[in-house]
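Trainee: My questions will all concern the structure given below.
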Amino acid sequence: MTRKEKAIVIGASGQIGTDLVEKLRELYGVDNVVASDIKGASNTVMNDGPFEILDVLDGNKLAEIIEKHKITQVYLLAALLSATAEAKIKSAWRLNMDGLFNVLDLAKEKKIEKIFWPSSIAIFGPSTPKVKTPQNTIAEPSTVYGISKLAGERWCEYYYKKFGVDVRSIRYPGLIGYKSMPGGGTTDYAVQIFHDAILKGNFECFLGKQTTLPMMYMPDAIKATIDLMHAPSEKLSARYGYNIAGMSFSPKEIAAEVKKHFPDFEISYKPDHRQQIADSWPHSIDDSFARMEWGWNAEYDLEKMTNDMFKHLIPMLKNPELQKH
Ligand code: AKB
C-alpha cells in the first residue's frame with residue numbers, strides 16, 4: 001500500500017479484524033486505516049484511529065463511508081462462521097453473499113481499487129481428499145458456511161475475470177490468537193483451551209480427541225494477508241482463494257502441548273453438533289501453490305505457537321488491567 005492509499009477493515013471487532021487493524025495501522029499510519037463494524041470493537045481498534053459503525057448489507061452507507069474516507073482498499077471480514085451459520089442459514093447466506101456483492105460492485109464501479117476477502121478450508125467437504133488437500137480438488141461443502149464461501153470464491157473469480165476487479169483471497173484454516181476470542185466457529189476450541197488452562201486448569205472440548213484440523217497462529221495469518229495484498233497483481237492467478245497451511249493438530253495433541261506448561265491440566269471430551277462440521281473438513285492442507293506464486297511460508301508450529309500464546313495470555317488473564325484489547 002502506498003501512502004496515498006487508504007484501507008477499511010469491515011468486521012473489525014472480530015477475531016481477525018482486531019489483529020489486522022492493529023497491524024495495518026502500524027504499517028500505514030493510524031489515519032490511513034479505518035476500522036468498522038456493525039457494533040463497537042475493542043478499545044484499541046475503536047479509540048486509536050478512525051472507526052465507523054457499519055452494516056455491510058447497507059450498500060448506501062458503505063458507499064458513503066468509502067467516499068468520505070477516500071478508501072482505496074477494502075478488507076471484508078464480516079461473516080457468520082460455520083457453527084452459527086448452521087443455526088442461521090438465511091442470515092448467514094445473506095451476510096456472506098450480499099456483503100461480498102456490495103464490495104465487489106464498488107470495485108466494479110471503480111470506487112475502490114483492491115479487495116481482500118477471506119475464504120476458508122470450509123469450502124472443502126466430505127468428498128475432498130483429507131490429507132494435504134490440494135489447491136484445486138473436489139470441493140463439495142456440506143455446511144452452510146462452506147457453501148457460502150465456495151460461492152463467494154466463484155464470484156471473486158468471476159468479477160476478476162469479467163470486470164478486472166483486483167480481489168485477493170486466502171482459505172484460512174482455524175485461527176488462534178490471544179488478542180480476541182473467535183465466535184461461532186468450529187475451530188474455536190483451540191483458543192478457548194488456552195484460556196481455560198490458565199483460569200480453570202481444565203477444559204471440556206466440543207470435538208473428539210482425534211479430530212485433526214488445519215490451524216494457524218494469528219501472526220502467520222496476518223502476515224499471509226498482508227503479503228498477498230502486497231504481491232504484484234500479475235503474479236496471482238488464483239483470485240478465488242489460496243490454500244495456506246500452518247500446522248495441523250487434534251485436541252489430544254494440543255492438550256499434550258498445554259500440559260507442558262500446566263502439568264496438572266486436564267481435558268475431557270464432549271463432542272456436540274460441531275463434530276459433524278469438523279469431520280467434513282480436511283486434516284491438512286497443501287499450500288505449495290501459494291508458496292510458488294507469492295512466496296508464502298508459515299513461521300509457527302504447534303510448540304512455538306503454544307509458547308507464544310501463554311507468554312502473552314498469562315499476564316493478560318491474571319491481570320485484567322493489561323486487557324486493553
Ligand atoms: C470456523 O471454524 O468456522 C472458521 C473456519 C475454519 O473458517 N474458523
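How things are named: the first chain in the C-alpha cells is A, the next is B, and so on; residues count from 1 in each chain; ligands count from 1 in the order shown.
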Could you list, with a cut-off of 7 Å and counting only C-alpha atoms and all ligand atoms, the residues of chain A near ligand 1, each shown with its nearest atom pair and the distance in Å rounded to one decimal, rows sorted by chain and ascending number, as CSV?
Mentor:
```
residue,atom,partner,partner_atom_place_in_ligand_line,distance
A:Leu81,CA,ligand 1,3 (O),4.3
A:Ser82,CA,ligand 1,3 (O),3.7
A:Ala83,CA,ligand 1,3 (O),6.2
A:Ser120,CA,ligand 1,7 (O),4.6
A:Ile121,CA,ligand 1,6 (C),5.7
A:Ala122,CA,ligand 1,7 (O),5.7
A:Tyr172,CA,ligand 1,7 (O),6.1
A:Pro173,CA,ligand 1,6 (C),4.9
A:Gly174,CA,ligand 1,8 (N),4.1
A:Leu175,CA,ligand 1,8 (N),6.0
A:Gly184,CA,ligand 1,3 (O),6.6
A:Gly185,CA,ligand 1,2 (O),3.4
A:Thr186,CA,ligand 1,2 (O),3.6
A:Thr187,CA,ligand 1,2 (O),4.1
A:Asp188,CA,ligand 1,2 (O),6.2
```
Trainee: Which polymer residues have any atom within 9 Å of an atom of Gly99 of chain A, counting only C-alpha atoms, with same-chain residues fewer than 4 positions away left out, as a VMD selection string?
Mentor: chain A and resid 55 to 59 76 78 to 79 94 to 95 103 to 104
Trainee: Quick one: pick out all strand (DSSP E or B) residues within segment 205-301 of chain A from a backbone DSSP run and write them as a PDB file with N, CA and C atoms, in the first residue's frame.
Mentor:
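Listing of part.pdb after writing:
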```pdb
ATOM      1  N   CYS A 205     -13.785 -30.245  25.802  1.00  0.00           N
ATOM      2  CA  CYS A 205     -13.675 -29.972  24.363  1.00  0.00           C
ATOM      3  C   CYS A 205     -14.926 -30.442  23.623  1.00  0.00           C
ATOM      4  N   LEU A 213      -7.424 -31.007  12.561  1.00  0.00           N
ATOM      5  CA  LEU A 213      -7.844 -29.936  11.635  1.00  0.00           C
ATOM      6  C   LEU A 213      -6.660 -29.024  11.314  1.00  0.00           C
ATOM      7  N   PRO A 214      -6.699 -28.383  10.138  1.00  0.00           N
ATOM      8  CA  PRO A 214      -5.661 -27.404   9.813  1.00  0.00           C
ATOM      9  C   PRO A 214      -5.855 -26.137  10.646  1.00  0.00           C
ATOM     10  N   MET A 215      -4.784 -25.637  11.217  1.00  0.00           N
ATOM     11  CA  MET A 215      -4.846 -24.464  12.101  1.00  0.00           C
ATOM     12  C   MET A 215      -3.685 -23.526  11.773  1.00  0.00           C
ATOM     13  N   MET A 216      -3.786 -22.304  12.297  1.00  0.00           N
ATOM     14  CA  MET A 216      -2.695 -21.346  12.075  1.00  0.00           C
ATOM     15  C   MET A 216      -2.660 -20.323  13.203  1.00  0.00           C
ATOM     16  N   TYR A 217      -1.459 -19.908  13.562  1.00  0.00           N
ATOM     17  CA  TYR A 217      -1.318 -18.863  14.577  1.00  0.00           C
ATOM     18  C   TYR A 217      -1.579 -17.506  13.912  1.00  0.00           C
ATOM     19  N   TYR A 242      -6.384 -18.801  -1.976  1.00  0.00           N
ATOM     20  CA  TYR A 242      -5.190 -19.650  -1.900  1.00  0.00           C
ATOM     21  C   TYR A 242      -5.249 -20.546  -0.678  1.00  0.00           C
ATOM     22  N   ASN A 243      -4.908 -21.823  -0.859  1.00  0.00           N
ATOM     23  CA  ASN A 243      -4.631 -22.695   0.292  1.00  0.00           C
ATOM     24  C   ASN A 243      -3.408 -22.156   1.017  1.00  0.00           C
ATOM     25  N   MET A 247      -0.220 -25.373  10.657  1.00  0.00           N
ATOM     26  CA  MET A 247       0.017 -26.624  11.396  1.00  0.00           C
ATOM     27  C   MET A 247      -1.284 -27.407  11.375  1.00  0.00           C
ATOM     28  N   SER A 248      -1.222 -28.676  11.740  1.00  0.00           N
ATOM     29  CA  SER A 248      -2.434 -29.486  11.914  1.00  0.00           C
ATOM     30  C   SER A 248      -2.301 -30.206  13.241  1.00  0.00           C
ATOM     31  N   PHE A 249      -3.380 -30.211  14.019  1.00  0.00           N
ATOM     32  CA  PHE A 249      -3.337 -30.956  15.279  1.00  0.00           C
ATOM     33  C   PHE A 249      -4.745 -31.350  15.704  1.00  0.00           C
ATOM     34  N   GLU A 266      -6.163 -30.776  32.729  1.00  0.00           N
ATOM     35  CA  GLU A 266      -6.927 -31.953  32.287  1.00  0.00           C
ATOM     36  C   GLU A 266      -7.910 -31.568  31.214  1.00  0.00           C
ATOM     37  N   ILE A 267      -8.060 -32.469  30.243  1.00  0.00           N
ATOM     38  CA  ILE A 267      -9.032 -32.232  29.170  1.00  0.00           C
ATOM     39  C   ILE A 267     -10.047 -33.368  29.166  1.00  0.00           C
ATOM     40  N   SER A 268     -11.325 -33.016  28.930  1.00  0.00           N
ATOM     41  CA  SER A 268     -12.349 -34.049  28.741  1.00  0.00           C
ATOM     42  C   SER A 268     -13.041 -33.750  27.401  1.00  0.00           C
ATOM     43  N   TYR A 269     -13.730 -34.735  26.885  1.00  0.00           N
ATOM     44  CA  TYR A 269     -14.296 -34.591  25.536  1.00  0.00           C
ATOM     45  C   TYR A 269     -15.800 -34.803  25.563  1.00  0.00           C
ATOM     46  N   ILE A 285      -3.369 -29.321   4.775  1.00  0.00           N
ATOM     47  CA  ILE A 285      -3.508 -28.536   3.538  1.00  0.00           C
ATOM     48  C   ILE A 285      -2.185 -28.492   2.781  1.00  0.00           C
TER      49      ILE A 285
END
```
Trainee: Residues near segment 222-229 of chain A, anyone? I mean within 7 Å using only C-alpha atoms, not counting same-chain ones fewer than 5 positions away, as an NGL selection string.
Mentor: :A and (20 or 168 or 294 or 296)
Trainee: Can you measure atom CA of Asp264 of chain A to atom CA of Met181 of chain A for me? One decimal in Å is fine.
Mentor: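 Distance reported for this atom pair: 24.2 Å.
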Trainee: Mind the document's chain letters and residue numbers, and return as a PyMOL selection string the residues of segment 205-288 of chain A that DSSP labels helix (DSSP H, G or I).
Mentor: chain A and resi 218-230+233-235+251-261+274-279+288
Trainee: Let's have the selection written as a compact mmCIF listing (two decimals), in the first residue's frame, with N, CA, C and O atoms.
Mentor:
```txt
# COMPACT_ATOMS: atom_id res chain seq x y z
N MET A 218 -2.23 -16.63 14.65
CA MET A 218 -2.68 -15.35 14.06
C MET A 218 -1.57 -14.53 13.40
O MET A 218 -1.78 -13.99 12.31
N PRO A 219 -0.37 -14.42 13.99
CA PRO A 219 0.66 -13.63 13.31
C PRO A 219 0.96 -14.16 11.90
O PRO A 219 1.22 -13.37 10.98
N ASP A 220 0.90 -15.48 11.71
CA ASP A 220 1.09 -16.04 10.37
C ASP A 220 -0.07 -15.65 9.45
O ASP A 220 0.13 -15.32 8.28
N ALA A 221 -1.29 -15.69 9.98
CA ALA A 221 -2.46 -15.36 9.16
C ALA A 221 -2.42 -13.89 8.73
O ALA A 221 -2.74 -13.55 7.58
N ILE A 222 -1.97 -13.03 9.64
CA ILE A 222 -1.89 -11.59 9.31
C ILE A 222 -0.78 -11.36 8.28
O ILE A 222 -0.94 -10.62 7.31
N LYS A 223 0.34 -12.06 8.49
CA LYS A 223 1.45 -11.93 7.53
C LYS A 223 0.98 -12.39 6.14
O LYS A 223 1.25 -11.71 5.13
N ALA A 224 0.27 -13.51 6.09
CA ALA A 224 -0.22 -14.02 4.80
C ALA A 224 -1.12 -12.99 4.12
O ALA A 224 -0.99 -12.72 2.92
N THR A 225 -2.00 -12.40 4.91
CA THR A 225 -2.96 -11.42 4.36
C THR A 225 -2.21 -10.23 3.77
O THR A 225 -2.49 -9.79 2.64
N ILE A 226 -1.27 -9.72 4.52
CA ILE A 226 -0.54 -8.53 4.06
C ILE A 226 0.38 -8.87 2.88
O ILE A 226 0.43 -8.14 1.89
N ASP A 227 1.06 -10.01 2.96
CA ASP A 227 1.92 -10.42 1.84
C ASP A 227 1.10 -10.59 0.55
O ASP A 227 1.53 -10.18 -0.53
N LEU A 228 -0.06 -11.19 0.69
CA LEU A 228 -0.89 -11.40 -0.51
C LEU A 228 -1.34 -10.05 -1.08
O LEU A 228 -1.32 -9.84 -2.29
N MET A 229 -1.72 -9.13 -0.20
CA MET A 229 -2.18 -7.82 -0.68
C MET A 229 -1.04 -7.02 -1.31
O MET A 229 -1.27 -6.15 -2.15
N HIS A 230 0.20 -7.32 -0.90
CA HIS A 230 1.36 -6.62 -1.47
C HIS A 230 1.89 -7.27 -2.74
O HIS A 230 2.70 -6.67 -3.44
N SER A 233 0.13 -7.88 -8.82
CA SER A 233 -1.11 -8.44 -9.34
C SER A 233 -0.87 -9.55 -10.38
O SER A 233 -1.54 -10.59 -10.38
N GLU A 234 0.12 -9.32 -11.24
CA GLU A 234 0.33 -10.27 -12.35
C GLU A 234 0.84 -11.63 -11.88
O GLU A 234 0.80 -12.60 -12.62
N LYS A 235 1.30 -11.69 -10.64
CA LYS A 235 1.78 -12.98 -10.11
C LYS A 235 0.66 -13.88 -9.62
O LYS A 235 0.86 -15.06 -9.35
N PRO A 251 -7.36 -32.18 19.22
CA PRO A 251 -7.49 -31.72 20.61
C PRO A 251 -6.51 -32.45 21.53
O PRO A 251 -5.93 -31.85 22.43
N LYS A 252 -6.31 -33.74 21.29
CA LYS A 252 -5.40 -34.51 22.14
C LYS A 252 -3.96 -33.96 22.03
O LYS A 252 -3.25 -33.84 23.03
N GLU A 253 -3.58 -33.61 20.81
CA GLU A 253 -2.21 -33.11 20.62
C GLU A 253 -2.01 -31.72 21.22
O GLU A 253 -0.96 -31.45 21.82
N ILE A 254 -2.99 -30.86 21.07
CA ILE A 254 -2.80 -29.51 21.66
C ILE A 254 -2.85 -29.62 23.20
O ILE A 254 -2.11 -28.92 23.90
N ALA A 255 -3.68 -30.54 23.70
CA ALA A 255 -3.74 -30.72 25.16
C ALA A 255 -2.37 -31.17 25.70
O ALA A 255 -1.93 -30.71 26.76
N ALA A 256 -1.70 -32.04 24.96
CA ALA A 256 -0.37 -32.52 25.40
C ALA A 256 0.61 -31.35 25.44
O ALA A 256 1.47 -31.26 26.33
N GLU A 257 0.48 -30.44 24.50
CA GLU A 257 1.36 -29.27 24.46
C GLU A 257 1.05 -28.33 25.64
O GLU A 257 1.97 -27.79 26.26
N VAL A 258 -0.24 -28.15 25.92
CA VAL A 258 -0.65 -27.31 27.04
C VAL A 258 -0.11 -27.88 28.36
O VAL A 258 0.35 -27.14 29.23
N LYS A 259 -0.14 -29.19 28.46
CA LYS A 259 0.33 -29.88 29.68
C LYS A 259 1.81 -29.61 29.97
O LYS A 259 2.23 -29.66 31.11
N LYS A 260 2.58 -29.30 28.92
CA LYS A 260 4.00 -28.98 29.15
C LYS A 260 4.13 -27.71 29.99
O LYS A 260 5.10 -27.51 30.69
N HIS A 261 3.14 -26.82 29.88
CA HIS A 261 3.16 -25.56 30.65
C HIS A 261 2.39 -25.69 31.96
O HIS A 261 2.72 -25.06 32.94
N ARG A 274 -20.90 -29.65 16.43
CA ARG A 274 -19.76 -29.16 15.66
C ARG A 274 -18.85 -30.28 15.17
O ARG A 274 -18.06 -30.10 14.24
N GLN A 275 -18.99 -31.46 15.79
CA GLN A 275 -18.16 -32.60 15.37
C GLN A 275 -18.40 -32.93 13.90
O GLN A 275 -17.45 -33.19 13.14
N GLN A 276 -19.66 -32.91 13.51
CA GLN A 276 -20.01 -33.25 12.12
C GLN A 276 -19.39 -32.26 11.12
O GLN A 276 -18.93 -32.64 10.05
N ILE A 277 -19.37 -30.99 11.52
CA ILE A 277 -18.76 -29.97 10.66
C ILE A 277 -17.26 -30.28 10.53
O ILE A 277 -16.72 -30.35 9.42
N ALA A 278 -16.63 -30.50 11.68
CA ALA A 278 -15.18 -30.77 11.68
C ALA A 278 -14.85 -32.01 10.85
O ALA A 278 -13.85 -32.04 10.12
N ASP A 279 -15.70 -33.03 10.97
CA ASP A 279 -15.45 -34.28 10.24
C ASP A 279 -15.52 -34.10 8.72
O ASP A 279 -15.01 -34.92 7.98
N SER A 288 1.46 -25.50 -1.56
CA SER A 288 2.60 -25.26 -2.45
C SER A 288 2.29 -24.19 -3.51
O SER A 288 3.20 -23.49 -3.97
```
